[in-house]
>>> print(open('run-v5.cif').read())   # mmCIF, C-alpha atoms
data_my_file
loop_
_atom_site.label_atom_id
_atom_site.label_comp_id
_atom_site.auth_asym_id
_atom_site.auth_seq_id
_atom_site.Cartn_x
_atom_site.Cartn_y
_atom_site.Cartn_z
CA MET X 1 23.66 88.78 -71.27
CA ARG X 2 22.09 92.24 -71.50
CA LEU X 3 18.75 90.77 -70.45
CA ILE X 4 20.30 89.18 -67.33
CA LEU X 5 21.99 92.47 -66.43
CA ALA X 6 18.71 94.37 -66.88
CA ILE X 7 16.86 91.91 -64.60
CA PHE X 8 19.60 92.23 -61.97
CA LEU X 9 19.34 96.02 -62.01
CA LEU X 10 15.56 95.88 -61.67
CA ILE X 11 15.82 93.53 -58.65
CA SER X 12 18.46 95.77 -57.05
CA ALA X 13 16.39 98.90 -57.62
CA GLY X 14 13.27 97.21 -56.24
CA GLY X 15 15.10 96.06 -53.12
CA ASN X 16 16.28 99.59 -52.34
CA ALA X 17 13.01 101.31 -53.21
CA GLN X 18 11.92 101.16 -49.56
CA TRP X 19 14.82 103.37 -48.50
CA LYS X 20 14.71 107.15 -48.74
CA ASP X 21 18.48 107.30 -48.38
CA PHE X 22 21.36 104.83 -47.96
CA ILE X 23 25.01 104.23 -48.82
CA ILE X 24 26.80 101.20 -50.22
CA GLY X 25 29.65 99.92 -48.04
CA VAL X 26 33.02 98.66 -49.24
CA ARG X 27 31.65 95.09 -49.17
CA GLY X 28 28.56 96.00 -51.16
CA ASP X 29 26.32 96.16 -48.07
CA THR X 30 23.48 98.65 -47.86
CA LEU X 31 24.33 100.88 -44.87
CA ASN X 32 22.98 104.00 -43.17
CA ARG X 33 19.45 103.30 -44.32
CA VAL X 34 16.72 105.89 -43.85
CA ASP X 35 13.19 104.67 -44.55
CA ILE X 36 10.43 106.59 -46.29
CA LYS X 37 9.30 107.95 -42.89
CA GLY X 38 12.74 109.44 -42.27
CA LYS X 39 13.75 106.89 -39.60
CA LYS X 40 17.14 105.17 -39.39
CA GLN X 41 16.94 101.41 -39.86
CA GLY X 42 19.40 98.52 -39.96
CA PRO X 43 23.22 98.65 -39.94
CA TRP X 44 24.89 102.03 -39.59
CA VAL X 45 28.43 103.35 -39.54
CA ILE X 46 28.87 106.82 -38.05
CA LYS X 47 32.12 108.77 -38.28
CA VAL X 48 32.80 111.78 -36.05
CA PRO X 49 35.92 113.86 -36.89
CA ASP X 50 38.27 115.51 -34.41
CA LEU X 51 36.69 118.72 -33.13
CA ARG X 52 37.95 121.45 -30.78
CA GLY X 53 40.49 119.22 -29.09
CA GLU X 54 38.09 116.28 -28.76
CA ARG X 55 39.30 113.13 -30.49
CA GLY X 56 37.13 111.76 -33.25
CA TYR X 57 35.79 108.23 -33.47
CA GLU X 58 33.82 105.82 -35.61
CA GLU X 59 30.98 103.66 -34.35
CA GLU X 60 28.94 100.87 -35.86
CA GLY X 61 25.73 99.11 -34.90
CA TYR X 62 22.02 98.82 -35.68
CA PHE X 63 19.08 101.19 -35.57
CA VAL X 64 15.47 100.13 -35.14
CA ASP X 65 12.92 102.87 -35.81
CA ASP X 66 15.51 105.63 -35.29
CA LEU X 67 16.77 104.15 -31.98
CA LYS X 68 20.03 102.34 -31.29
CA ASP X 69 19.44 98.66 -30.63
CA GLY X 70 21.69 95.79 -29.59
CA GLU X 71 25.49 95.90 -29.65
CA TRP X 72 27.37 99.02 -30.76
CA LYS X 73 31.14 99.29 -31.05
CA ARG X 74 33.19 102.48 -31.07
CA PHE X 75 36.69 102.80 -32.50
CA SER X 76 39.31 105.52 -32.55
CA LEU X 77 40.11 106.92 -35.98
CA GLU X 78 43.26 104.79 -35.77
CA GLY X 79 41.14 101.63 -35.48
CA VAL X 80 41.48 100.88 -31.73
CA LYS X 81 38.28 99.75 -29.99
CA ILE X 82 37.43 102.27 -27.26
CA ALA X 83 33.89 101.20 -26.32
CA GLN X 84 31.46 98.32 -26.60
CA GLU X 85 27.91 99.22 -25.63
CA ASN X 86 24.50 97.57 -25.61
CA TYR X 87 21.20 99.35 -26.22
CA ARG X 88 17.51 98.76 -25.81
CA TRP X 89 14.80 101.28 -26.74
CA GLY X 90 17.64 103.64 -27.71
CA LYS X 91 19.11 103.63 -24.19
CA LEU X 92 22.05 101.90 -22.55
CA HIS X 93 21.02 98.46 -21.31
CA GLY X 94 23.13 95.68 -19.86
CA LYS X 95 26.92 95.48 -19.77
CA GLN X 96 29.11 98.24 -21.24
CA GLN X 97 32.90 98.27 -21.63
CA TYR X 98 35.20 101.25 -22.13
CA PHE X 99 38.85 101.19 -23.13
CA THR X 100 41.75 103.61 -23.37
CA TYR X 101 43.06 104.72 -26.75
CA ASN X 102 45.81 102.15 -26.26
CA GLY X 103 43.27 99.34 -25.88
CA GLY X 104 43.45 98.82 -22.10
CA LEU X 105 40.18 98.05 -20.27
CA LEU X 106 39.24 101.12 -18.24
CA ARG X 107 35.86 100.22 -16.70
CA GLU X 108 32.81 98.01 -17.00
CA GLU X 109 29.34 99.41 -16.36
CA ASN X 110 25.88 97.91 -16.03
CA TRP X 111 22.73 99.83 -16.97
CA ARG X 112 19.02 99.13 -17.13
CA ALA X 113 16.62 100.71 -19.60
CA ILE X 114 12.90 100.83 -18.82
CA ASP X 115 10.29 100.07 -21.45
CA PRO X 116 8.91 103.47 -22.60
CA ALA X 117 5.41 101.98 -22.44
CA ASN X 118 5.67 101.55 -18.65
CA GLN X 119 5.40 104.39 -16.14
CA TYR X 120 7.09 102.40 -13.37
CA ASP X 121 9.35 99.39 -13.02
CA THR X 122 10.08 97.05 -10.10
CA VAL X 123 13.56 95.69 -9.42
CA SER X 124 15.04 93.41 -6.79
CA VAL X 125 17.79 94.45 -4.37
CA TYR X 126 20.26 91.67 -3.52
CA ASP X 127 22.66 91.18 -0.62
CA LEU X 128 26.17 92.20 -1.70
CA LYS X 129 27.68 89.35 0.32
CA ASP X 130 25.19 86.81 -1.04
CA PRO X 131 24.01 87.77 -4.56
CA THR X 132 21.39 85.00 -4.48
CA LYS X 133 19.60 86.57 -1.49
CA GLU X 134 16.90 89.18 -2.24
CA ILE X 135 16.69 91.74 0.57
CA ASP X 136 14.24 94.26 -0.88
CA ARG X 137 12.23 95.29 -3.93
CA VAL X 138 12.21 98.84 -5.28
CA VAL X 139 9.68 100.62 -7.48
CA VAL X 140 11.11 103.39 -9.68
CA LYS X 141 9.46 105.93 -11.95
CA ASN X 142 10.27 105.88 -15.65
CA ASP X 143 11.91 109.24 -16.40
CA GLY X 144 12.80 108.31 -19.96
CA MET X 145 16.43 107.44 -19.32
CA ALA X 146 18.58 104.43 -18.55
CA MET X 147 19.76 103.96 -14.98
CA LYS X 148 22.94 102.61 -13.43
CA HIS X 149 21.98 99.13 -12.29
CA GLY X 150 24.35 96.37 -11.26
CA LYS X 151 28.08 96.06 -10.79
CA TRP X 152 30.50 98.77 -11.91
CA THR X 153 34.18 97.84 -12.04
CA TYR X 154 37.14 100.20 -12.48
CA TYR X 155 40.44 98.81 -13.76
CA ASP X 156 44.07 99.78 -13.99
CA PRO X 157 44.26 99.84 -17.81
CA ARG X 158 47.97 98.99 -17.84
CA GLU X 159 48.02 96.00 -15.49
CA GLY X 160 44.38 94.94 -15.76
CA ARG X 161 43.80 94.70 -12.02
CA ILE X 162 40.59 95.89 -10.36
CA GLU X 163 40.96 99.24 -8.61
CA ALA X 164 37.40 99.73 -7.33
CA THR X 165 33.97 98.13 -7.44
CA GLU X 166 30.53 99.71 -6.93
CA TYR X 167 27.00 98.30 -6.94
CA TYR X 168 24.02 100.33 -8.11
CA VAL X 169 20.28 99.81 -7.86
CA MET X 170 18.54 102.09 -10.36
CA ASN X 171 21.01 104.98 -10.01
CA LYS X 172 21.45 104.49 -6.25
CA LEU X 173 24.81 103.38 -4.87
CA GLN X 174 24.25 100.37 -2.61
CA THR X 175 26.19 100.01 0.64
CA ASP X 176 27.06 96.78 2.44
CA ASP X 177 24.07 97.08 4.77
CA GLY X 178 21.64 97.43 1.84
CA ALA X 179 21.15 101.19 2.24
CA MET X 180 21.21 103.50 -0.78
CA ILE X 181 23.20 106.68 -1.26
CA ALA X 182 21.41 109.70 -2.79
CA ASP X 183 17.95 108.18 -2.45
CA GLU X 184 15.91 111.37 -2.23
CA ASP X 185 13.84 111.37 -5.41
CA LEU X 186 11.71 108.27 -4.80
CA ARG X 187 11.57 106.17 -1.64
CA PRO X 188 11.51 102.38 -1.90
CA ILE X 189 8.03 100.88 -1.71
CA ASP X 190 7.28 97.85 0.42
CA ILE X 191 5.67 95.60 -2.19
CA SER X 192 4.19 93.24 0.42
CA LYS X 193 2.25 96.04 2.13
CA GLY X 194 1.86 98.43 -0.79
CA LYS X 195 3.01 101.38 1.35
CA GLN X 196 6.01 103.66 1.24
CA LYS X 197 8.64 103.30 3.92
CA PRO X 198 8.61 106.03 6.59
CA ASP X 199 10.57 109.23 6.10
CA THR X 200 13.14 108.13 8.67
CA ALA X 201 14.43 105.63 6.14
CA THR X 202 15.39 108.41 3.76
CA THR X 203 16.91 110.75 6.36
CA LYS X 204 19.26 108.11 7.70
CA THR X 205 22.89 109.19 7.49
CA VAL X 206 24.68 106.78 5.17
CA GLN X 207 28.40 106.18 5.44
CA LYS X 208 30.16 105.62 2.12
CA PRO X 209 31.66 102.15 1.76
CA GLN X 210 35.42 101.91 2.24
CA VAL X 211 36.05 100.99 -1.39
CA VAL X 212 34.40 104.24 -2.50
CA LEU X 213 36.44 106.29 0.01
CA ASP X 214 39.66 104.61 -1.17
CA TYR X 215 38.80 105.30 -4.81
CA GLU X 216 37.98 108.98 -4.13
CA LYS X 217 41.22 109.42 -2.16
CA LYS X 218 43.31 107.83 -4.92
CA ASN X 219 41.71 109.97 -7.61
CA SER X 220 41.47 113.26 -5.69
CA GLY X 221 42.72 116.22 -7.70
CA LYS X 222 42.23 114.42 -11.00
CA LYS X 223 39.79 115.53 -13.65
CA LYS X 224 36.32 114.35 -12.64
CA ILE X 225 34.42 111.93 -14.86
CA LYS X 226 31.19 113.30 -16.27
CA VAL X 227 28.09 111.50 -15.04
CA ARG X 228 25.97 109.98 -17.81
CA ASP X 229 22.28 109.21 -17.61
CA GLY X 230 22.32 106.61 -20.39
CA ASN X 231 19.95 108.59 -22.59
CA THR X 232 21.58 108.85 -26.02
CA GLY X 233 18.83 110.44 -28.09
CA ASN X 234 19.07 110.34 -31.86
CA THR X 235 22.55 110.31 -33.33
CA PRO X 236 22.97 112.84 -36.18
CA GLU X 237 23.74 111.47 -39.60
CA PRO X 238 27.39 111.69 -40.64
#
>>> encode(input="run-v5.cif", output="structure tokens")
Amino acid sequence: MRLILAIFLLISAGGNAQWKDFIIGVRGDTLNRVDIKGKKQGPWVIKVPDLRGERGYEEEGYFVDDLKDGEWKRFSLEGVKIAQENYRWGKLHGKQQYFTYNGGLLREENWRAIDPANQYDTVSVYDLKDPTKEIDRVVVKNDGMAMKHGKWTYYDPREGRIEATEYYVMNKLQTDDGAMIADEDLRPIDISKGKQKPDTATTKTVQKPQVVLDYEKKNSGKKKIKVRDGNTGNTPEP
């Protein structure tokens, strides 16, 4: 019996020898692993306490080479799910959902992360009335952050009905006619000709879509939502 126990301990010690630091979860899982190079790897649980009026939370997910990867879930300290996010290369990527502290769905976002190995990326722009119809292609510079890309939906968290919908193409709000709001940093490039569109395309006065005007009117005077760039950086250890 002692021999079996000794062998078990040797196997356990050998399996954890690759980790510089880790904790054992309530189910016996090895969590919060830090490898010999000091990088976070595998499943993590991070707890943030209440601080200066900001409510604390707990989140769980996976790290790959010190970067968040795949699905991450965030819970209030009371156990209510308040966010479900997806990551790639440590940045927001794909569909994200955010909830109130009572569990009601608040909004759904879509983001796109760019491979850090690429300086530029090319994305398609689709007709809002016919999502299967491509109307343009846009080249964007990789600034090391995720970008709003796709459909954003805002909900009434109590009744679950949609209050507003927006469509983004790499951080640019798309209007019904295919124009982009706040498109001053990089003009779309005509892929077929390999040339930039003329300056007149960027100086065109763009009217906000009615759904955006209705949303701004309804929420005027309320506390403004902070704009996020999708770049999370490294999360400090708990």
>>> resolve_selection(input="run-v5.cif", expression="the PyMOL selection byres ((chain X and resi 111-128) around 7)", output="JSON, numbers by chain")
{"X": [88, 91, 92, 93, 94, 95, 109, 110, 129, 130, 131, 132, 133, 134, 135, 136, 137, 138, 139, 140, 141, 142, 144, 145, 146, 147, 148, 149, 150, 169, 176, 178]}
>>> closest_residue(input="run-v5.cif", among="X:Asp229, X:Asp156, X:Glu216, X:Glu58", to="Ile82 (chain X)", atoms="only C-alpha atoms")
X:Glu58
>>> atom_distance(input="run-v5.cif", atom1="CA of Lys73 (chain X)", atom2="CA of Gln97 (chain X)")
9.6 Å
>>> residues_near_point(input="run-v5.cif", point="(31.4, 107.4, -37.4)", cutoff="6 Å", atoms="only C-alpha atoms", output="VMD selection string")
chain X and resid 45 to 48 57 to 59
>>> closest_residue(input="run-v5.cif", among="X:Gly28, X:Gly56, X:Gly103, X:Pro157", to="Ala83 (chain X)", atoms="all atoms listed in the file")
X:Gly103
>>> resolve_selection(input="run-v5.cif", expression="the PyMOL selection byres ((chain X and resi 99) around 10)", output="CSV table (one decimal) with C-alpha atoms, keeping the file's coordinate frame")
chain,number,residue,atom,x,y,z
X,74,ARG,CA,33.2,102.5,-31.1
X,75,PHE,CA,36.7,102.8,-32.5
X,80,VAL,CA,41.5,100.9,-31.7
X,81,LYS,CA,38.3,99.8,-30.0
X,82,ILE,CA,37.4,102.3,-27.3
X,83,ALA,CA,33.9,101.2,-26.3
X,84,GLN,CA,31.5,98.3,-26.6
X,97,GLN,CA,32.9,98.3,-21.6
X,98,TYR,CA,35.2,101.2,-22.1
X,100,THR,CA,41.8,103.6,-23.4
X,101,TYR,CA,43.1,104.7,-26.8
X,102,ASN,CA,45.8,102.2,-26.3
X,103,GLY,CA,43.3,99.3,-25.9
X,104,GLY,CA,43.4,98.8,-22.1
X,105,LEU,CA,40.2,98.0,-20.3
X,106,LEU,CA,39.2,101.1,-18.2
X,107,ARG,CA,35.9,100.2,-16.7
X,108,GLU,CA,32.8,98.0,-17.0
X,155,TYR,CA,40.4,98.8,-13.8
X,157,PRO,CA,44.3,99.8,-17.8
>>> atom_distance(input="run-v5.cif", atom1="CA of Glu71 (chain X)", atom2="CA of Glu85 (chain X)")
5.7 Å
>>> atom_distance(input="run-v5.cif", atom1="CA of Ser220 (chain X)", atom2="CA of Arg158 (chain X)")
19.8 Å
>>> residues_around(input="run-v5.cif", residues="Asp69 (chain X)", least_positions_apart="5", cutoff="7 Å", atoms="all atoms listed in the file", output="list in words")
Tyr62, Phe63, Val64, Tyr87, Arg88, Trp89 and Gly90 of chain X
>>> closest_residue(input="run-v5.cif", among="X:Thr30, X:Tyr167, X:Glu159, X:Thr153", to="Ala179 (chain X)", atoms="all atoms listed in the file")
X:Tyr167
>>> closest_residue(input="run-v5.cif", among="X:Arg161, X:Trp152, X:Lys68, X:Ile24", to="Gln174 (chain X)", atoms="only C-alpha atoms")
X:Trp152
>>> closest_residue(input="run-v5.cif", among="X:Lys39, X:Lys20, X:Arg33, X:Ser76", to="Glu54 (chain X)", atoms="only C-alpha atoms")
X:Ser76
>>> axis_aligned_box(input="run-v5.cif", around="region 132-142 of chain X", padding_each_side="8 Å", output="AutoDock Vina command-line options")
--center_x 15.4 --center_y 95.5 --center_z -7.5 --size_x 27.9 --size_y 36.9 --size_z 32.2
>>> closest_residue(input="run-v5.cif", among="X:Gly38, X:Gly230, X:Leu213, X:Asn32", to="Glu60 (chain X)", atoms="all atoms listed in the file")
X:Asn32
